[in-house]
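Dumped query13.pdb below, it's PDB, C-alpha atoms, pLDDT in the B column:
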```
ATOM      1  CA  MET A   1     -27.145 -75.277  30.198  1.00 61.00           C
ATOM      2  CA  ASP A   2     -27.550 -78.988  30.733  1.00 71.00           C
ATOM      3  CA  GLU A   3     -30.599 -78.889  28.455  1.00 73.00           C
ATOM      4  CA  ILE A   4     -28.422 -77.648  25.598  1.00 75.00           C
ATOM      5  CA  LYS A   5     -25.791 -80.303  26.236  1.00 77.00           C
ATOM      6  CA  THR A   6     -28.463 -82.999  26.172  1.00 80.00           C
ATOM      7  CA  TYR A   7     -29.121 -82.443  22.466  1.00 76.00           C
ATOM      8  CA  LEU A   8     -25.542 -81.988  21.238  1.00 86.00           C
ATOM      9  CA  PRO A   9     -24.665 -85.664  20.639  1.00 90.00           C
ATOM     10  CA  LEU A  10     -25.437 -86.675  17.061  1.00 92.00           C
ATOM     11  CA  SER A  11     -27.797 -89.489  18.061  1.00 92.00           C
ATOM     12  CA  ASN A  12     -29.837 -87.131  20.253  1.00 91.00           C
ATOM     13  CA  LEU A  13     -30.034 -84.545  17.487  1.00 92.00           C
ATOM     14  CA  ILE A  14     -31.272 -87.184  15.032  1.00 94.00           C
ATOM     15  CA  HIS A  15     -33.872 -88.341  17.557  1.00 92.00           C
ATOM     16  CA  LEU A  16     -34.934 -84.720  18.113  1.00 90.00           C
ATOM     17  CA  SER A  17     -35.420 -84.218  14.375  1.00 93.00           C
ATOM     18  CA  ARG A  18     -37.918 -87.095  14.356  1.00 93.00           C
ATOM     19  CA  ASP A  19     -39.761 -86.458  17.620  1.00 93.00           C
ATOM     20  CA  ASN A  20     -43.342 -85.480  16.829  1.00 93.00           C
ATOM     21  CA  ASP A  21     -43.731 -84.027  20.329  1.00 94.00           C
ATOM     22  CA  ILE A  22     -41.220 -81.307  19.371  1.00 90.00           C
ATOM     23  CA  PRO A  23     -42.572 -78.287  17.460  1.00 93.00           C
ATOM     24  CA  MET A  24     -42.103 -78.614  13.692  1.00 94.00           C
ATOM     25  CA  ILE A  25     -39.902 -75.511  13.498  1.00 92.00           C
ATOM     26  CA  ASN A  26     -37.383 -77.115  15.874  1.00 88.00           C
ATOM     27  CA  ARG A  27     -37.470 -80.425  14.024  1.00 92.00           C
ATOM     28  CA  GLU A  28     -36.926 -78.661  10.711  1.00 93.00           C
ATOM     29  CA  ALA A  29     -33.942 -76.750  12.083  1.00 91.00           C
ATOM     30  CA  SER A  30     -32.407 -80.020  13.281  1.00 91.00           C
ATOM     31  CA  GLU A  31     -33.045 -81.693   9.919  1.00 93.00           C
ATOM     32  CA  LYS A  32     -31.506 -78.780   8.009  1.00 93.00           C
ATOM     33  CA  TYR A  33     -28.371 -78.987  10.140  1.00 93.00           C
ATOM     34  CA  LEU A  34     -28.087 -82.766   9.733  1.00 94.00           C
ATOM     35  CA  TYR A  35     -28.258 -82.484   5.957  1.00 93.00           C
ATOM     36  CA  THR A  36     -25.334 -80.045   5.977  1.00 93.00           C
ATOM     37  CA  ILE A  37     -23.098 -82.870   7.240  1.00 93.00           C
ATOM     38  CA  GLN A  38     -21.411 -84.361   4.204  1.00 90.00           C
ATOM     39  CA  GLY A  39     -22.378 -88.008   3.832  1.00 89.00           C
ATOM     40  CA  TYR A  40     -25.304 -87.873   6.271  1.00 93.00           C
ATOM     41  CA  LEU A  41     -28.164 -90.072   5.146  1.00 92.00           C
ATOM     42  CA  ASP A  42     -31.240 -90.130   7.370  1.00 92.00           C
ATOM     43  CA  SER A  43     -32.120 -93.712   6.473  1.00 93.00           C
ATOM     44  CA  ASN A  44     -28.808 -94.902   7.989  1.00 93.00           C
ATOM     45  CA  TYR A  45     -30.090 -94.129  11.504  1.00 93.00           C
ATOM     46  CA  ASP A  46     -32.895 -95.678  13.496  1.00 93.00           C
ATOM     47  CA  GLU A  47     -35.551 -93.730  15.403  1.00 88.00           C
ATOM     48  CA  SER A  48     -33.314 -93.321  18.445  1.00 89.00           C
ATOM     49  CA  GLY A  49     -30.487 -91.945  16.293  1.00 90.00           C
ATOM     50  CA  ARG A  50     -28.368 -95.104  16.448  1.00 91.00           C
ATOM     51  CA  TYR A  51     -26.366 -95.842  13.299  1.00 92.00           C
ATOM     52  CA  ILE A  52     -27.661 -98.849  11.349  1.00 94.00           C
ATOM     53  CA  GLY A  53     -26.014 -98.235   7.973  1.00 88.00           C
ATOM     54  CA  SER A  54     -23.567-100.529   6.232  1.00 84.00           C
ATOM     55  CA  ILE A  55     -20.629 -98.110   5.841  1.00 82.00           C
ATOM     56  CA  ASP A  56     -18.546 -96.563   8.604  1.00 84.00           C
ATOM     57  CA  ASP A  57     -20.016 -93.273   9.819  1.00 87.00           C
ATOM     58  CA  ALA A  58     -16.805 -92.080  11.513  1.00 89.00           C
ATOM     59  CA  GLU A  59     -16.418 -89.121   9.136  1.00 90.00           C
ATOM     60  CA  ILE A  60     -19.982 -87.956   9.806  1.00 91.00           C
ATOM     61  CA  VAL A  61     -19.384 -88.184  13.555  1.00 90.00           C
ATOM     62  CA  ARG A  62     -16.070 -86.318  13.180  1.00 91.00           C
ATOM     63  CA  GLN A  63     -17.689 -83.500  11.196  1.00 92.00           C
ATOM     64  CA  HIS A  64     -20.457 -83.134  13.744  1.00 92.00           C
ATOM     65  CA  ALA A  65     -17.961 -83.164  16.616  1.00 90.00           C
ATOM     66  CA  SER A  66     -15.958 -80.352  15.017  1.00 91.00           C
ATOM     67  CA  VAL A  67     -19.090 -78.191  14.978  1.00 90.00           C
ATOM     68  CA  VAL A  68     -20.283 -79.146  18.442  1.00 89.00           C
ATOM     69  CA  LYS A  69     -16.964 -78.915  20.319  1.00 89.00           C
ATOM     70  CA  PRO A  70     -16.862 -75.087  20.441  1.00 89.00           C
ATOM     71  CA  ILE A  71     -20.477 -75.045  21.627  1.00 86.00           C
ATOM     72  CA  GLN A  72     -19.695 -77.553  24.380  1.00 84.00           C
ATOM     73  CA  ASP A  73     -16.675 -75.516  25.444  1.00 86.00           C
ATOM     74  CA  PHE A  74     -18.768 -72.349  25.564  1.00 86.00           C
ATOM     75  CA  VAL A  75     -21.478 -74.017  27.648  1.00 79.00           C
ATOM     76  CA  GLU A  76     -18.840 -75.286  30.068  1.00 82.00           C
ATOM     77  CA  MET A  77     -17.440 -71.753  30.449  1.00 84.00           C
ATOM     78  CA  LEU A  78     -20.879 -70.485  31.467  1.00 78.00           C
ATOM     79  CA  LYS A  79     -21.129 -72.889  34.394  1.00 72.00           C
TER      80      LYS A  79
END
```
Could you take the file, read its structure, and then write that structure out as structure tokens?
Amino acid sequence: MDEIKTYLPLSNLIHLSRDNDIPMINREASEKYLYTIQGYLDSNYDESGRYIGSIDDAEIVRQHASVVKPIQDFVEMLK
């Protein structure tokens, strides 16, 4: 379960989508999810997933958190 939790933070998911050591199918799935977040722009994040854009990304983080929170809660229940 800790493996799942490792990739839930937005920065880790962005990094995962760019990691060439990860199979392409997994990277593509991550990329598809990221582009469903309204306002997400890949070029606003560096290779580690850290935000480097010029506008506040709080809304993007909030949207991602609303999707991830139920998953985190579920993973915690399984422990």
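Interatomic distance, atom CA of Ala58 of chain A to atom CA of Glu3 of chain A: 25.5 Å.
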Output the residue selection produced by the PyMOL selection byres ((chain A and resi 16) around 9) on the file above, formatted as a PyMOL selection string. chain A and resi 7+11-15+17-20+22+26-27+30-31+48-49
Now that the selection is made, can you save its residues with C-alpha atoms as a PDB file, in the frame of the given file?
```
ATOM      1  CA  TYR A   7     -29.121 -82.443  22.466  1.00 76.00           C
ATOM      2  CA  SER A  11     -27.797 -89.489  18.061  1.00 92.00           C
ATOM      3  CA  ASN A  12     -29.837 -87.131  20.253  1.00 91.00           C
ATOM      4  CA  LEU A  13     -30.034 -84.545  17.487  1.00 92.00           C
ATOM      5  CA  ILE A  14     -31.272 -87.184  15.032  1.00 94.00           C
ATOM      6  CA  HIS A  15     -33.872 -88.341  17.557  1.00 92.00           C
ATOM      7  CA  SER A  17     -35.420 -84.218  14.375  1.00 93.00           C
ATOM      8  CA  ARG A  18     -37.918 -87.095  14.356  1.00 93.00           C
ATOM      9  CA  ASP A  19     -39.761 -86.458  17.620  1.00 93.00           C
ATOM     10  CA  ASN A  20     -43.342 -85.480  16.829  1.00 93.00           C
ATOM     11  CA  ILE A  22     -41.220 -81.307  19.371  1.00 90.00           C
ATOM     12  CA  ASN A  26     -37.383 -77.115  15.874  1.00 88.00           C
ATOM     13  CA  ARG A  27     -37.470 -80.425  14.024  1.00 92.00           C
ATOM     14  CA  SER A  30     -32.407 -80.020  13.281  1.00 91.00           C
ATOM     15  CA  GLU A  31     -33.045 -81.693   9.919  1.00 93.00           C
ATOM     16  CA  SER A  48     -33.314 -93.321  18.445  1.00 89.00           C
ATOM     17  CA  GLY A  49     -30.487 -91.945  16.293  1.00 90.00           C
TER      18      GLY A  49
END
```
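Interatomic distance, atom CA of Gly39 of chain A to atom CA of Leu10 of chain A: 13.6 Å.
Using all atoms listed in the file, the nearest neighbour of Ile37 of chain A within the list A:Asp57, A:Asp2, A:Glu76, A:Asp21 is A:Asp57.
Of the residues listed (A:Val68, A:Lys5, A:Tyr40, A:Tyr33), A:Tyr40 shows the shortest atom-to-atom separation from Asp56 of chain A; distances use only C-alpha atoms.
Closest approach to Thr36 of chain A among A:Gly53, A:Phe74, A:Pro9, A:Val67 is made by A:Val67 (distances from only C-alpha atoms).
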Work out how far apart atom CA of Thr6 of chain A and atom CA of Val75 of chain A are and give it in Å to one decimal. 11.5 Å
